[in-house]
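Dropping entry.txt in here (compact mmCIF, N, CA and C atoms):
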```
# COMPACT_ATOMS: atom_id res chain seq x y z
N ALA A 5 202.97 220.52 -46.74
CA ALA A 5 201.65 220.38 -47.32
C ALA A 5 201.74 219.85 -48.75
N GLY A 6 202.80 220.16 -49.44
CA GLY A 6 202.95 219.65 -50.79
C GLY A 6 203.71 220.62 -51.65
N ALA A 7 203.97 220.22 -52.87
CA ALA A 7 204.74 221.04 -53.80
C ALA A 7 204.05 222.38 -54.02
N GLY A 8 204.81 223.44 -53.85
CA GLY A 8 204.28 224.77 -54.08
C GLY A 8 203.57 225.39 -52.90
N PHE A 9 203.43 224.69 -51.79
CA PHE A 9 202.74 225.22 -50.61
C PHE A 9 203.72 225.38 -49.47
N GLY A 10 203.70 226.54 -48.83
CA GLY A 10 204.57 226.79 -47.69
C GLY A 10 203.93 226.36 -46.39
N GLU A 11 204.74 226.03 -45.43
CA GLU A 11 204.23 225.63 -44.12
C GLU A 11 204.03 226.81 -43.17
N THR A 12 204.45 228.00 -43.56
CA THR A 12 204.37 229.16 -42.66
C THR A 12 203.46 230.26 -43.19
N SER A 13 202.95 230.13 -44.39
CA SER A 13 202.11 231.17 -44.97
C SER A 13 200.69 230.64 -45.13
N TRP A 14 199.73 231.31 -44.49
CA TRP A 14 198.34 230.84 -44.49
C TRP A 14 197.40 231.98 -44.87
N HIS A 15 196.31 231.65 -45.57
CA HIS A 15 195.22 232.61 -45.71
C HIS A 15 194.50 232.70 -44.36
N MET A 16 194.25 231.54 -43.76
CA MET A 16 193.64 231.44 -42.43
C MET A 16 194.22 230.21 -41.76
N ASN A 17 194.43 230.30 -40.46
CA ASN A 17 194.91 229.16 -39.69
C ASN A 17 194.15 229.17 -38.38
N GLU A 18 193.05 228.41 -38.32
CA GLU A 18 192.14 228.50 -37.18
C GLU A 18 192.16 227.23 -36.35
N ASP A 19 191.94 227.43 -35.05
CA ASP A 19 191.77 226.30 -34.15
C ASP A 19 190.30 226.25 -33.72
N TRP A 20 189.98 225.33 -32.81
CA TRP A 20 188.59 225.15 -32.36
C TRP A 20 188.03 226.44 -31.77
N GLY A 21 188.79 227.13 -30.96
CA GLY A 21 188.31 228.36 -30.34
C GLY A 21 187.98 229.44 -31.36
N ALA A 22 188.82 229.59 -32.38
CA ALA A 22 188.57 230.58 -33.43
C ALA A 22 187.32 230.22 -34.22
N LEU A 23 187.11 228.95 -34.49
CA LEU A 23 185.91 228.52 -35.21
C LEU A 23 184.66 228.77 -34.39
N GLU A 24 184.70 228.49 -33.08
CA GLU A 24 183.56 228.77 -32.21
C GLU A 24 183.21 230.26 -32.22
N THR A 25 184.23 231.11 -32.16
CA THR A 25 184.02 232.56 -32.18
C THR A 25 183.40 232.99 -33.50
N ARG A 26 183.88 232.47 -34.61
CA ARG A 26 183.32 232.82 -35.93
C ARG A 26 181.85 232.44 -36.04
N VAL A 27 181.50 231.23 -35.57
CA VAL A 27 180.12 230.78 -35.65
C VAL A 27 179.23 231.63 -34.74
N ALA A 28 179.67 231.91 -33.52
CA ALA A 28 178.87 232.73 -32.60
C ALA A 28 178.67 234.13 -33.15
N ARG A 29 179.65 234.68 -33.81
CA ARG A 29 179.58 236.03 -34.36
C ARG A 29 178.54 236.16 -35.47
N LEU A 30 178.25 235.06 -36.17
CA LEU A 30 177.26 235.10 -37.25
C LEU A 30 175.87 235.50 -36.74
N ASP A 31 175.59 235.27 -35.45
CA ASP A 31 174.29 235.62 -34.87
C ASP A 31 174.26 237.03 -34.30
N THR A 32 175.27 237.84 -34.57
CA THR A 32 175.32 239.20 -34.04
C THR A 32 175.19 240.21 -35.18
N GLU A 33 175.07 241.47 -34.82
CA GLU A 33 175.01 242.54 -35.82
C GLU A 33 176.38 242.88 -36.39
N TYR A 34 177.42 242.23 -35.90
CA TYR A 34 178.78 242.53 -36.35
C TYR A 34 179.27 241.61 -37.47
N ALA A 35 178.41 240.75 -37.97
CA ALA A 35 178.79 239.83 -39.04
C ALA A 35 178.53 240.50 -40.39
N TRP A 36 179.08 241.69 -40.59
CA TRP A 36 178.80 242.48 -41.79
C TRP A 36 179.31 241.82 -43.06
N ALA A 37 180.32 240.96 -42.96
CA ALA A 37 180.85 240.30 -44.15
C ALA A 37 179.81 239.37 -44.77
N GLU A 38 178.85 238.93 -43.99
CA GLU A 38 177.81 238.03 -44.49
C GLU A 38 176.43 238.67 -44.37
N ASP A 39 176.34 239.98 -44.60
CA ASP A 39 175.07 240.69 -44.59
C ASP A 39 174.96 241.51 -45.87
N PRO A 40 174.24 241.09 -46.86
CA PRO A 40 173.36 239.91 -46.86
C PRO A 40 174.17 238.62 -46.95
N ALA A 41 173.55 237.57 -46.51
CA ALA A 41 174.23 236.27 -46.50
C ALA A 41 174.58 235.83 -47.93
N SER A 42 175.72 235.22 -48.06
CA SER A 42 176.14 234.67 -49.35
C SER A 42 175.26 233.48 -49.72
N ARG A 43 175.08 233.31 -51.02
CA ARG A 43 174.48 232.08 -51.53
C ARG A 43 175.65 231.22 -52.00
N THR A 44 175.76 230.05 -51.45
CA THR A 44 176.91 229.20 -51.78
C THR A 44 176.45 227.83 -52.25
N ARG A 45 177.29 227.25 -53.05
CA ARG A 45 177.11 225.85 -53.45
C ARG A 45 178.50 225.23 -53.45
N ARG A 46 178.62 224.13 -52.73
CA ARG A 46 179.88 223.40 -52.65
C ARG A 46 179.75 222.09 -53.39
N MET A 47 180.74 221.78 -54.19
CA MET A 47 180.78 220.49 -54.86
C MET A 47 182.06 219.78 -54.43
N VAL A 48 181.89 218.64 -53.81
CA VAL A 48 183.01 217.85 -53.33
C VAL A 48 183.09 216.60 -54.20
N SER A 49 184.27 216.34 -54.74
CA SER A 49 184.43 215.20 -55.65
C SER A 49 185.77 214.51 -55.41
N ASN A 50 185.96 213.42 -56.11
CA ASN A 50 187.21 212.65 -56.06
C ASN A 50 187.60 212.32 -54.62
N ILE A 51 186.65 211.88 -53.84
CA ILE A 51 186.90 211.54 -52.44
C ILE A 51 187.65 210.22 -52.39
N ARG A 52 188.78 210.22 -51.69
CA ARG A 52 189.56 209.00 -51.61
C ARG A 52 190.24 208.89 -50.25
N VAL A 53 190.20 207.69 -49.70
CA VAL A 53 190.89 207.40 -48.44
C VAL A 53 192.33 207.13 -48.80
N THR A 54 193.24 207.89 -48.19
CA THR A 54 194.65 207.77 -48.57
C THR A 54 195.48 206.99 -47.58
N ASP A 55 195.02 206.89 -46.31
CA ASP A 55 195.83 206.22 -45.30
C ASP A 55 194.99 206.02 -44.06
N SER A 56 195.43 205.10 -43.20
CA SER A 56 194.80 204.98 -41.89
C SER A 56 195.60 205.82 -40.90
N VAL A 57 194.89 206.34 -39.90
CA VAL A 57 195.51 207.17 -38.87
C VAL A 57 195.14 206.55 -37.53
N GLY A 58 196.10 205.90 -36.90
CA GLY A 58 195.80 205.21 -35.65
C GLY A 58 194.85 204.05 -35.89
N GLU A 59 194.18 203.61 -34.81
CA GLU A 59 193.26 202.47 -34.91
C GLU A 59 191.93 202.86 -35.54
N ASP A 60 191.46 204.08 -35.26
CA ASP A 60 190.10 204.46 -35.66
C ASP A 60 190.04 205.65 -36.59
N GLY A 61 191.16 205.99 -37.26
CA GLY A 61 191.17 207.18 -38.09
C GLY A 61 191.51 206.90 -39.54
N PHE A 62 191.13 207.87 -40.39
CA PHE A 62 191.39 207.76 -41.81
C PHE A 62 191.83 209.12 -42.35
N ALA A 63 192.81 209.12 -43.21
CA ALA A 63 193.19 210.32 -43.94
C ALA A 63 192.42 210.29 -45.25
N VAL A 64 191.75 211.39 -45.57
CA VAL A 64 190.89 211.46 -46.75
C VAL A 64 191.22 212.71 -47.54
N LYS A 65 191.38 212.56 -48.85
CA LYS A 65 191.57 213.71 -49.74
C LYS A 65 190.33 213.86 -50.61
N SER A 66 190.00 215.10 -50.93
CA SER A 66 188.89 215.36 -51.85
C SER A 66 189.14 216.69 -52.54
N ASN A 67 188.41 216.89 -53.62
CA ASN A 67 188.46 218.17 -54.34
C ASN A 67 187.22 218.97 -53.98
N LEU A 68 187.39 220.29 -53.87
CA LEU A 68 186.29 221.18 -53.51
C LEU A 68 186.17 222.28 -54.54
N PHE A 69 184.95 222.54 -54.96
CA PHE A 69 184.64 223.68 -55.82
C PHE A 69 183.55 224.46 -55.13
N LEU A 70 183.75 225.77 -54.92
CA LEU A 70 182.79 226.62 -54.23
C LEU A 70 182.33 227.74 -55.15
N PHE A 71 181.02 227.87 -55.30
CA PHE A 71 180.40 229.02 -55.95
C PHE A 71 179.85 229.90 -54.84
N ARG A 72 180.08 231.21 -54.93
CA ARG A 72 179.58 232.14 -53.92
C ARG A 72 179.03 233.38 -54.61
N GLY A 73 177.74 233.64 -54.41
CA GLY A 73 177.10 234.84 -54.92
C GLY A 73 176.60 235.67 -53.76
N ARG A 74 176.51 237.00 -53.97
CA ARG A 74 176.09 237.88 -52.88
C ARG A 74 174.98 238.81 -53.35
N GLY A 75 173.86 238.79 -52.61
CA GLY A 75 172.78 239.73 -52.87
C GLY A 75 172.37 239.76 -54.33
N ASP A 76 172.25 240.97 -54.88
CA ASP A 76 171.84 241.11 -56.27
C ASP A 76 173.02 241.42 -57.18
N GLN A 77 174.23 241.18 -56.71
CA GLN A 77 175.42 241.43 -57.53
C GLN A 77 175.51 240.41 -58.66
N VAL A 78 175.94 240.88 -59.82
CA VAL A 78 176.09 239.96 -60.96
C VAL A 78 177.42 239.23 -60.93
N SER A 79 178.38 239.74 -60.16
CA SER A 79 179.67 239.06 -60.05
C SER A 79 179.56 237.93 -59.01
N TYR A 80 180.47 236.99 -59.07
CA TYR A 80 180.47 235.87 -58.15
C TYR A 80 181.90 235.40 -57.95
N ASP A 81 182.11 234.59 -56.93
CA ASP A 81 183.42 234.02 -56.63
C ASP A 81 183.40 232.53 -56.92
N LEU A 82 184.49 232.06 -57.49
CA LEU A 82 184.70 230.63 -57.70
C LEU A 82 186.02 230.26 -57.03
N LEU A 83 185.98 229.29 -56.15
CA LEU A 83 187.18 228.84 -55.47
C LEU A 83 187.34 227.34 -55.67
N CYS A 84 188.56 226.91 -55.97
CA CYS A 84 188.88 225.49 -56.13
C CYS A 84 189.97 225.13 -55.12
N ALA A 85 189.86 223.95 -54.57
CA ALA A 85 190.83 223.55 -53.54
C ALA A 85 190.88 222.04 -53.42
N GLU A 86 191.94 221.58 -52.76
CA GLU A 86 192.03 220.20 -52.31
C GLU A 86 191.84 220.21 -50.80
N ARG A 87 190.98 219.34 -50.31
CA ARG A 87 190.79 219.21 -48.86
C ARG A 87 191.50 217.95 -48.39
N ARG A 88 192.23 218.09 -47.30
CA ARG A 88 192.88 216.95 -46.66
C ARG A 88 192.32 216.84 -45.25
N ASP A 89 191.53 215.81 -45.04
CA ASP A 89 190.83 215.63 -43.77
C ASP A 89 191.37 214.43 -43.02
N VAL A 90 191.24 214.48 -41.71
CA VAL A 90 191.45 213.32 -40.86
C VAL A 90 190.12 213.06 -40.18
N LEU A 91 189.55 211.89 -40.43
CA LEU A 91 188.30 211.48 -39.82
C LEU A 91 188.58 210.40 -38.79
N VAL A 92 187.85 210.44 -37.68
CA VAL A 92 188.01 209.42 -36.64
C VAL A 92 186.64 208.82 -36.32
N ARG A 93 186.64 207.55 -36.04
CA ARG A 93 185.41 206.84 -35.69
C ARG A 93 185.20 206.93 -34.18
N ASP A 94 183.97 207.27 -33.79
CA ASP A 94 183.61 207.22 -32.38
C ASP A 94 182.27 206.50 -32.28
N GLY A 95 181.64 206.51 -31.12
CA GLY A 95 180.39 205.78 -30.93
C GLY A 95 179.25 206.26 -31.80
N GLU A 96 179.32 207.46 -32.32
CA GLU A 96 178.24 208.03 -33.14
C GLU A 96 178.52 207.95 -34.64
N GLY A 97 179.69 207.52 -35.04
CA GLY A 97 180.05 207.47 -36.45
C GLY A 97 181.40 208.10 -36.68
N LEU A 98 181.57 208.77 -37.81
CA LEU A 98 182.83 209.43 -38.14
C LEU A 98 182.74 210.92 -37.81
N LYS A 99 183.81 211.46 -37.27
CA LYS A 99 183.89 212.88 -36.96
C LYS A 99 185.16 213.47 -37.55
N LEU A 100 185.07 214.73 -37.93
CA LEU A 100 186.21 215.44 -38.49
C LEU A 100 187.15 215.86 -37.37
N ARG A 101 188.40 215.40 -37.43
CA ARG A 101 189.40 215.79 -36.44
C ARG A 101 190.25 216.95 -36.93
N LYS A 102 190.56 216.95 -38.23
CA LYS A 102 191.47 217.96 -38.77
C LYS A 102 191.15 218.18 -40.24
N ARG A 103 191.29 219.45 -40.68
CA ARG A 103 191.08 219.75 -42.11
C ARG A 103 192.13 220.75 -42.55
N LEU A 104 192.79 220.43 -43.66
CA LEU A 104 193.72 221.34 -44.32
C LEU A 104 193.16 221.59 -45.71
N ILE A 105 193.03 222.85 -46.08
CA ILE A 105 192.52 223.21 -47.40
C ILE A 105 193.64 223.88 -48.17
N LEU A 106 193.95 223.33 -49.32
CA LEU A 106 194.99 223.87 -50.18
C LEU A 106 194.31 224.51 -51.39
N LEU A 107 194.18 225.82 -51.34
CA LEU A 107 193.52 226.55 -52.43
C LEU A 107 194.40 226.53 -53.68
N ASP A 108 193.76 226.44 -54.83
CA ASP A 108 194.49 226.52 -56.09
C ASP A 108 194.92 227.96 -56.37
N HIS A 109 194.35 228.91 -55.67
CA HIS A 109 194.63 230.34 -55.86
C HIS A 109 195.80 230.78 -54.96
N THR A 110 196.70 231.56 -55.48
CA THR A 110 197.74 232.13 -54.63
C THR A 110 197.28 233.46 -54.04
N THR A 111 196.38 234.14 -54.73
CA THR A 111 195.80 235.38 -54.24
C THR A 111 194.29 235.26 -54.33
N LEU A 112 193.60 235.54 -53.23
CA LEU A 112 192.15 235.45 -53.23
C LEU A 112 191.55 236.75 -53.76
N GLY A 113 190.68 236.63 -54.75
CA GLY A 113 190.02 237.79 -55.33
C GLY A 113 188.82 238.25 -54.53
N THR A 114 188.35 237.42 -53.62
CA THR A 114 187.21 237.78 -52.78
C THR A 114 187.70 238.60 -51.60
N HIS A 115 186.97 239.66 -51.29
CA HIS A 115 187.44 240.61 -50.26
C HIS A 115 187.03 240.24 -48.85
N ASN A 116 186.03 239.44 -48.69
CA ASN A 116 185.54 239.14 -47.35
C ASN A 116 185.01 237.72 -47.26
N LEU A 117 185.87 236.78 -47.41
CA LEU A 117 185.47 235.37 -47.37
C LEU A 117 185.06 235.02 -45.94
N GLY A 118 183.77 234.87 -45.73
CA GLY A 118 183.25 234.56 -44.40
C GLY A 118 182.56 233.23 -44.33
N VAL A 119 182.72 232.40 -45.35
CA VAL A 119 182.07 231.09 -45.37
C VAL A 119 183.10 230.01 -45.06
N PHE A 120 182.61 228.87 -44.63
CA PHE A 120 183.49 227.75 -44.33
C PHE A 120 183.71 226.92 -45.58
N LEU A 121 184.95 226.53 -45.79
CA LEU A 121 185.27 225.68 -46.93
C LEU A 121 185.32 224.24 -46.48
```
Output the file's structure in the form of structure tokens.
Amino acid sequence: AGAGFGETSWHMNEDWGALETRVARLDTEYAWAEDPASRTRRMVSNIRVTDSVGEDGFAVKSNLFLFRGRGDQVSYDLLCAERRDVLVRDGEGLKLRKRLILLDHTTLGTHNLGVFL
């Protein structure tokens, strides 16, 4: 993944099935990590195409900054990361095939991160 990042240690490592389960769970009474729902703002910057992937794909890097507030709490979470995406062109436009997020944090101070980065 890059300097300072291990290939075997992850905060989260999800596939399509895990993402489907997470999204479906948000509509149940068991999504306590997001009750009340977080207020989030994502800022994506420095978007750059770094390489082509096959005939119809592109490797894209960007920077991500996430603000997350919860309910009436005065504290908030700030997360910074680099996103490495693979986008592919299909008949409807571009679709996300793969995303790797490299957090600038080695330890997450948030106790229940239930939002998508």
For A:Asp60, list every protein, DNA or RNA residue within 6 Å, evaluated using all atoms listed in the file, and leave out those in the same chain fewer than 3 positions away; present the list as JSON, numbers by chain. {"A": [57, 91, 92, 93]}
Distance cut-off 7 Å, centre (193.1, 210.8, -51.9) in file coordinates, counting all atoms listed in the file: which residues qualify? Return them as a count of residues only. 9
Leaving out A:Leu104 and any residue of its chain fewer than 4 positions from it, which residues lie within 10 Å of it when counting only C-alpha atoms, given as a list in words? Ala5, Asn17, Lys65, Ala85, Glu86, Arg87, Arg88, Asp89, Val90 and Leu121 of chain A
From chain A, collect each residue whose DSSP state is strand (DSSP E or B) and return the set as a count of residues only. 58
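Here atom CA of A:Val27 is placed at a distance of 12.2 Å from atom C of A:Leu117.
When only C-alpha atoms are used to measure the gap to A:Arg43, the shortest distance among A:Gly113, A:Gly61, A:Gly95, A:Gly75 belongs to A:Gly75.
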